Structure formats: C-alpha cells, structure tokens
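Only one structure is covered here, and it is reproduced in the block below.
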Protein chains: 2
Amino acid sequence: MKNHIYIYSPSGAVRDKAAFRRGVARLQSLGYDVEVDVDALASHQRFAGDDPTRVQAIQRACDSGAAVALISRGGYGITRILSEIPYRAVAHAIERGTQFVGISDFTAFQMAVLAKTGASTWAGPALCEGFGVDAIPDDIMESCFNDMAQGQGEGAGWRLPKPHAVDWNADQARRLSSRRGIIWGGNLTVLTSLLGTPFFPAIRSGILFLEDVAEHPYRIERMLSQLLHAGVLARQKAILLGHFTDFQLTAHDKGFKLSTVVQWLRSQLKVPVFTQLPYGHIATKVLLPVGRQAKLLVEDRDALLYWG
Amino acid sequence: MKNHIYIYSPSGAVRDKAAFRRGVARLQSLGYDVEVDVDALASHQRFAGDDPTRVQAIQRACDSGAAVALISRGGYGITRILSEIPYRAVAHAIERGTQFVGISDFTAFQMAVLAKTGASTWAGPALCEGFGVDAIPDDIMESCFNDMAQGQGEGAGWRLPKPHAVDWNADQARRLSSRRGIIWGGNLTVLTSLLGTPFFPAIRSGILFLEDVAEHPYRIERMLSQLLHAGVLARQKAILLGHFTDFQLTAHDKGFKLSTVVQWLRSQLKVPVFTQLPYGHIATKVLLPVGRQAKLLVEDRDALLYWG
C-alpha cells in the first residue's frame with residue numbers, strides 16, 4: 001500500500017494530456033504503483049466531469065486504499081460540490097492511512113474536511129504541475145513528496161529574506177518559542193471564498209499559510225483585509241506567506257506592490273508575518289500537513305516548521 | 001442646496017483628468033453647482049491620497065451640506081479605511097439631506113454605512129465614468145440622477161429577458177405581490193469581500209442586487225457560492241442580477257458561461273433570481289437607494305422596483 005497512488009480529478013478538466021501522462025510516468029519511475037481514476041480525464045464544460053461525477057471520483061479515491069490520493073490538477077470546481085463531498089468517507093480513509101494531497105482549488109476540499117471532520121490533508125503538488133512538467137520535476141518537491149508518502153516527513157525549513165529585521169523583531173522572536181499551533185491555509189482566494197460559510201475551519205492559535213497565483217497585490221490586500229476584519233488573522237500565532245506569482249503590475253500602481261501589501265499587513269497585526277515560505281504555484285515547494293499540530297521555530301534568518 | 005454637488009475621491013486616484021473635467025462641466029451644464037474636494041485629484045500609489053487623506057475627504061463630503069456627494073471614480077481603496085470612516089458624520093449628513101452616490105469600490109462604503117448606521121445611500125454613477133464620458137452621457141442615467149437629486153425618483157423599471165419562463169414561474173409570480181424588502185447590494189466582488197466582517201449588513205428579507213466587471217463567470221459563481229453557503233441568498237426575497245461585463249471566456253470553458261452560472265444559481269435557490277437589471281459598469285443604468293424599503297412588482301416581462 002505504501003507505494004500506491006490514486007490519481008483523480010475533483011476540479012478542472014485536464015486539457016494537457018501530455019502533462020498528465022508525463023506525471024504518471026514520473027511517479028512510476030519513482031517506484032510508485034499509480035492507479036488512475038476512471039474519470040480522471042473526464043470533461044464537462046470547464047470541469048473534470050459534472051458535479052456528481054467529481055463527487056464519485058472523490059468517493060473512489062476514499063475507497064482506493066491508496067497511500068496517497070493525488071489530484072490531477074486544480075482549476076475550479078470543488079466549491080460547487082462542497083455540500084456533496086462524502087466527509088465521513090474522507091475522514092475514514094485518512095484514518096486508515098490515505099494521504100490526500102493537492103493545491104490551489106483543492107484548498108476548498110482541505111478547509112471543508114478540516115472544518116467538518118478535523119482530519120488532516122496535505123498541501124503539496126498536483127500531478128500535472130508537479131510531476132508532469134516538461135523537464136525534470138523539482139527535487140525538493142519530490143523528496144518532500146516521498147517523505148510524506150513514506151510517513152517520514154517531520155518538517156520544512158526555509159530562509160527568511162534579508163534584512164530579517166523587516167520580517168520579525170527580537171520581541172516577537174522571544175515569544176516564538178511558544179508558537180505551536182495547527183498548520184492550516186492554502187490558496188488565499190479559495191480560502192477567503194469560504195469565509196462566513198460552514199466550510200471555513202474555526203482554527204484559533206494556528207499557523208496560517210497563504211499563497212496565490214495571478215492575483216494583483218490590491219486583490220491580495222483586499223482578501224487579507226477580509227480575513228483581518230473577520231478577526232481570523234489576529235487569532236493566529238503566525239502568518240506564513242508563501243509565493244504570490246504570475247500577476248501584472250500596471251502604471252496606475254505607482255509603487256503599490258506586493259511588498260506594500262506585506263508592510264500594510266504587518267502594520268495591522270501583532271501576529272508575526274513571515275515571508276518566503278517555499279509553497280505556492282512554484283516548482284520548488286514543500287508539503288505541509290494541513291490540520292496537524294506543528295511548532296514554528298525561527299532563529300536569525302532560519303525558519304523551521306516542525307510537525308514530527 | 002438642491003443643486004449643490006460635492007465631488008470627492010475615496011478610492012482610486014483619478015488618472016483621466018480630461019474625463020474628470022468633462023464630468024464637472026457636464027454637471028454644471030445640467031445646472032448643478034459643483035464643488036470639488038481639495039484632494040479630489042490627489043495621488044498616492046494607486047490611491048487618491050493615502051488613507052488619512054481619503055478619510056478626511058469623506059469627512060469633508062459629510063460637512064459640505066451638499067445635496068449630493070458624488071465619488072470621482074471607483075477602483076480600490078475603501079476596504080483599507082473601513083475602520084476609520086466617520087460613520088456618525090456620514091449618517092448625520094444623510095439625515096440632513098446629503099445623498100451619497102457611487103458605484104463599484106463604493107459598495108464597501110455603502111455596505112459598511114448600512115451595517116453600522118442603517119443609513120441609506122445610492123448606487124449610481126461615478127463622476128468620470130458617468131458624466132465624464134467622451135460622448136453625451138446616457139440620458140436615462142442622467143434623468144435618474146436628476147430625479148434623485150431633486151428627491152423625485154420613485155422607482156426603476158426594466159424588461160425581463162425572453163422567454164420570461166426562464167426568469168420566473170407562475171408560482172413565484174403569485175408570491176411576488178408580497179416581495180417587499182430593503183434594497184441592498186452593489187458590486188459582487190466588493191460585497192462578498194465583506195462577508196464575515198462587521199461591515200457586512202445583516203439584511204433579512206431584502207432585495208439584493210449584484211453586478212460586476214472583469215470577473216470571469218467561474219469567479220462570479222464562486223462568489224455567489226460564498227453568499228449561498230453563508231445563507232445570505234436564501235434569506236432574501238429576490239435576487240436581481242444587473243450587468244456582468246468585460247470578461248473573457250476561454251477555450252477551456254467549453255460552454256461554461258454567465259448563463260450557466262445563472263442557471264446553477266436558480267437550481268440552488270427557491271428565491272427568484274431576475275436578470276437584466278439596468279445597473280452595473282454600463283452607460284444606461286438606474287440609481288438604486290441602498291438601504292431603503294422597496295417593493296418588487298413583476299408582471300409578464302415587466303419588472304418594477306418601487307420605493308416611492
């Protein structure tokens with residue numbers, strides 16, 4: 001079972017079949033036994049099958065008994081089926097040892113599962129963007145993935161930007177030894193789109209990580225404002241910002257940029273905000289256990305998230 | 001006082017100065033006495049001045065004693081100052097007869113004022129996009145604006161699309177005589193970005209109108225899902241969809257489009273959803289009194305929102 005991976009498509013339709021095939025081949029070359037869901041390549045409008053098709057795919061992923069249930073890709077589609085996800089089956093599969101892994105739109109699944117059952121899933125790659133790239137997949141991502149699949153991953157470390165004084169201060173550092181909490185988060189747009197609904201987890205004293213793709217900094221700020229005004233951010237022990245990629249600044253911005261937003265966020269919060277978490281729509285990323293207790297350790301410019 | 005208009009900039013910086021000047025000239029040619037706020041053309045990053053500057057501009061609009069306080073333009077910026085808006089001054093100005101008018105980002109101001117004070121404002125044009133166009137401004141919009149300024153507007157009517165069976169059914173029609181409620185709403189993205197915060201009005205049995213610009217239908221659907229899952233939509237007496245404009249469908253959509261979203265929304269709700277409300281980022285639009293009691297009348301393909 002430890003090398004059995006189940007590939008399924010709960011979100012957008014797979015258009016890049018070559019990337020899908022490359023991803024499957026890569027996982028096989030890493031020694032995994034890859035099982036592909038019967039509807040993994042289904043297509044209905046922009047979705048990987050209509051709503052019942054995608055709900056059934058999730059059910060089959062639960063029933064697969066695989067070590068890892070990995071999404072083919074993100075996109076959009078889980079929000080539509082939040083009321084139909086078989087939460088008990090998901091929690092039961094997780095109890096029996098299946099690790100659910102995904103990114104982006106998958107954040108909706110992860111948040112809803114956490115809110116409804118408390119069960120833990122993994123923020124990590126999707127098949128196509130992680131293993132199906134038209135090059136050699138990133139070795140840090142693959143090694144984190146292998147650790148996760150073998151149950152050996154214990155944490156993730158990264159280097160904070162210089163000058164670190166921007167990222168935190170000595171006072172915050174002294175309080176850091178006690179920064180233990182539940183790791184949660186994911187895609188900012190998807191996570192924020194659940195606020196105010198029963199699918200948003202009520203995590204207090206957690207360690208919240210966020211990333212996004214193709215969102216202008218003003219939209220990132222507006223979403224952070226919503227989490228701020230809803231009281232979500234102030235309730236956490238730390239905010240970890242991953243990578244926010246693939247947006248276009250315009251002439252109208254006149255100096256308003258992503259770092260402006262981070263600066264603004266820090267001015268609004270006592271909770272420390274750390275950047276450069278290696279997670280997001282980037283090749284080199286770690287896997288993060290959403291819903292698990294972890295400890296955040298920071299020493300000088302070295303940050304470590306430890307959940308072993 | 002009845003012809004005194006105060007122009008101020010609570011959101012984005014005015015870049016198109018020519019449109020601004022044309023708008024002022026147009027209002028003057030309509031017989032209005034136009035007063036321009038000292039910081040109406042201020043610029044700080046993408047904003048019309050930094051946060052305190054824009055808060056002070058709102059305060060001066062309150063103090064102006066004008067018949068109408070009209071924003072220069074939308075953009076983004078009000079979300080940042082929601083905690084600093086002088087709500088009591090705004091409510092007091094409204095009591096004394098100042099009508100606050102705006103669109104788009106201004107939805108954040110309108111929702112927050114409604115949530116904090118219950119006071120009524122107007123969804124309508126902004127100076128630049130409404131009166132500063134490089135052509136003759138739309139006569140329906142101008143006539144609704146004049147009615148509002150003179151305190152004479154009593155309602156807004158529009159034609160429902162054909163076949164109207166798609167828009168409503170006989171059973172819903174019979175129940176329609178009792179569809180009386182508070183008109184509220186505005187820009188879907190901005191309104192949804194307040195959900196879960198103290199700036200989101202708790203309106204039950206209201207008539208909710210929504211519009212948006214440059215948002216792909218899948219994003220519109222995701223936002224409607226959030227309002228749906230939060231219980232907001234089912235609590236209303238009617239949902240009125242204005243215009244959703246300026247988005248690009250892609251090859252990946254394969255038939256997923258705006259009408260797909262409307263159809264999906266109707267399948268999720270017992271509350272009737274009417275389309276084609278003449279409001280949004282379009283020239284021909286009505287003014288709508290946010291926070292006021294109104295009655296929605298529908299007969300065959302004619303819809304009328306009456307607040308007289």
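Following the order of the structure tokens, first chain is A, next is B, and so on, with residues numbered from 1 inside each chain and ligands from 1 in the order they appear.
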
message = Select, as an MDAnalysis selection string, those residues of chain A with any atom no more than 10 Å from chain B (distances computed using only C-alpha atoms).
response = chainID A and resid 12:15 43:47 75:80 82:83 189:190 192:199 218:219 221:232 250:257 260 264

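For stretch 203-261 of chain B, a DSSP pass over the backbone yields strand (DSSP E) at B:Ile207, B:Leu208, B:Phe209, B:Leu210, B:Glu211, B:Asp212, B:Val213, B:Ala238, B:Ile239, B:Leu240, B:Leu241, B:Gly242, B:His243, B:Phe244, B:Thr245.
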
Would you save the residues from that selection as a compact mmCIF listing (two decimals), in the first residue's frame, using all heavy atoms?
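Written output follows (selection-v7.txt):
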# COMPACT_ATOMS: atom_id res chain seq x y z
N ILE B 207 -34.07 42.80 -0.89
CA ILE B 207 -33.99 42.65 -2.34
C ILE B 207 -32.54 42.95 -2.71
O ILE B 207 -32.11 44.11 -2.64
CB ILE B 207 -34.98 43.60 -3.04
CG1 ILE B 207 -36.42 43.24 -2.63
CG2 ILE B 207 -34.80 43.55 -4.56
CD1 ILE B 207 -37.46 44.28 -3.02
N LEU B 208 -31.80 41.90 -3.03
CA LEU B 208 -30.35 42.02 -3.22
C LEU B 208 -30.01 42.15 -4.70
O LEU B 208 -30.38 41.30 -5.50
CB LEU B 208 -29.66 40.78 -2.64
CG LEU B 208 -28.14 40.67 -2.84
CD1 LEU B 208 -27.39 41.77 -2.12
CD2 LEU B 208 -27.64 39.30 -2.36
N PHE B 209 -29.32 43.24 -5.06
CA PHE B 209 -28.90 43.39 -6.46
C PHE B 209 -27.37 43.28 -6.56
O PHE B 209 -26.65 43.70 -5.65
CB PHE B 209 -29.41 44.71 -7.06
CG PHE B 209 -28.75 45.94 -6.49
CD1 PHE B 209 -27.66 46.52 -7.12
CD2 PHE B 209 -29.23 46.53 -5.33
CE1 PHE B 209 -27.04 47.66 -6.60
CE2 PHE B 209 -28.62 47.66 -4.81
CZ PHE B 209 -27.53 48.23 -5.44
N LEU B 210 -26.91 42.72 -7.66
CA LEU B 210 -25.48 42.45 -7.84
C LEU B 210 -25.04 42.75 -9.26
O LEU B 210 -25.81 42.53 -10.21
CB LEU B 210 -25.19 40.97 -7.53
CG LEU B 210 -25.52 40.52 -6.10
CD1 LEU B 210 -25.53 39.01 -6.00
CD2 LEU B 210 -24.55 41.12 -5.09
N GLU B 211 -23.84 43.26 -9.40
CA GLU B 211 -23.24 43.49 -10.72
C GLU B 211 -21.75 43.25 -10.56
O GLU B 211 -21.23 43.22 -9.44
CB GLU B 211 -23.49 44.93 -11.19
CG GLU B 211 -22.88 46.04 -10.33
CD GLU B 211 -21.44 46.42 -10.66
OE1 GLU B 211 -20.99 46.21 -11.80
OE2 GLU B 211 -20.73 46.92 -9.76
N ASP B 212 -21.04 43.11 -11.69
CA ASP B 212 -19.58 43.07 -11.60
C ASP B 212 -18.95 43.33 -12.96
O ASP B 212 -19.63 43.32 -13.99
CB ASP B 212 -19.09 41.74 -11.02
CG ASP B 212 -17.91 41.97 -10.08
OD1 ASP B 212 -17.06 42.84 -10.35
OD2 ASP B 212 -17.85 41.28 -9.05
N VAL B 213 -17.67 43.59 -12.92
CA VAL B 213 -16.94 43.91 -14.14
C VAL B 213 -15.61 43.14 -14.14
O VAL B 213 -14.97 43.00 -13.09
CB VAL B 213 -16.68 45.44 -14.23
CG1 VAL B 213 -15.88 45.94 -13.04
CG2 VAL B 213 -16.02 45.82 -15.53
N ALA B 238 -35.73 38.45 -3.08
CA ALA B 238 -35.43 38.37 -4.51
C ALA B 238 -33.97 38.72 -4.72
O ALA B 238 -33.38 39.51 -3.96
CB ALA B 238 -36.31 39.31 -5.31
N ILE B 239 -33.39 38.12 -5.76
CA ILE B 239 -32.03 38.46 -6.19
C ILE B 239 -32.16 39.10 -7.57
O ILE B 239 -32.76 38.52 -8.48
CB ILE B 239 -31.14 37.20 -6.32
CG1 ILE B 239 -31.26 36.28 -5.10
CG2 ILE B 239 -29.69 37.59 -6.60
CD1 ILE B 239 -30.75 36.82 -3.81
N LEU B 240 -31.61 40.29 -7.72
CA LEU B 240 -31.65 40.99 -9.01
C LEU B 240 -30.23 41.03 -9.57
O LEU B 240 -29.33 41.61 -8.93
CB LEU B 240 -32.18 42.42 -8.84
CG LEU B 240 -33.49 42.59 -8.05
CD1 LEU B 240 -33.88 44.06 -8.01
CD2 LEU B 240 -34.60 41.76 -8.68
N LEU B 241 -30.04 40.43 -10.72
CA LEU B 241 -28.71 40.47 -11.34
C LEU B 241 -28.67 41.60 -12.36
O LEU B 241 -29.46 41.64 -13.30
CB LEU B 241 -28.38 39.13 -11.99
CG LEU B 241 -28.34 37.93 -11.04
CD1 LEU B 241 -27.97 36.66 -11.79
CD2 LEU B 241 -27.37 38.16 -9.88
N GLY B 242 -27.74 42.53 -12.13
CA GLY B 242 -27.50 43.59 -13.10
C GLY B 242 -26.57 43.06 -14.17
O GLY B 242 -26.57 41.87 -14.50
N HIS B 243 -25.73 43.92 -14.69
CA HIS B 243 -24.86 43.51 -15.79
C HIS B 243 -23.49 43.07 -15.29
O HIS B 243 -22.92 43.70 -14.40
CB HIS B 243 -24.75 44.65 -16.80
CG HIS B 243 -26.04 44.84 -17.55
ND1 HIS B 243 -26.21 44.46 -18.85
CD2 HIS B 243 -27.24 45.32 -17.14
CE1 HIS B 243 -27.46 44.72 -19.22
NE2 HIS B 243 -28.10 45.25 -18.21
N PHE B 244 -23.03 41.99 -15.85
CA PHE B 244 -21.69 41.46 -15.57
C PHE B 244 -20.95 41.58 -16.90
O PHE B 244 -21.27 40.90 -17.86
CB PHE B 244 -21.79 40.01 -15.09
CG PHE B 244 -22.45 39.90 -13.74
CD1 PHE B 244 -23.83 39.97 -13.62
CD2 PHE B 244 -21.68 39.76 -12.59
CE1 PHE B 244 -24.44 39.89 -12.37
CE2 PHE B 244 -22.28 39.67 -11.34
CZ PHE B 244 -23.66 39.74 -11.23
N THR B 245 -19.99 42.47 -16.91
CA THR B 245 -19.40 42.89 -18.19
C THR B 245 -17.88 42.71 -18.22
O THR B 245 -17.25 42.49 -17.19
CB THR B 245 -19.70 44.38 -18.43
OG1 THR B 245 -19.33 45.11 -17.25
CG2 THR B 245 -21.18 44.59 -18.70

message = Quick check, in Å to one decimal: how far apart do atom CA of A:Gln99 and atom CA of A:Val68 lie?
response =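 We find that atom CA of A:Gln99 and atom CA of A:Val68 lie 4.7 Å from each other.
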
request  = Might you pull out every residue within 10 Å of B:Arg54, with only C-alpha atoms counted and same-chain residues fewer than 6 positions away left off, and present them as a PyMOL selection string?
outcome  = chain B and resi 8-12+39-40+42+47-48+60+77-78+81+84-85

query = Could you name the residues that touch A:Gly280 at 12 Å or less, counting only C-alpha atoms, but leaving out those on the same chain fewer than 3 positions away, as a ChimeraX atom specification?
reply = /A:102-105,107,123-126,129-130,141,185-188,209-214,240-246,275-277,283-288

key: Filtered DSSP result for stretch 90-119 of chain B, state helix (DSSP H, G or I), as a PyMOL selection string   = chain B and resi 90-95+106-117
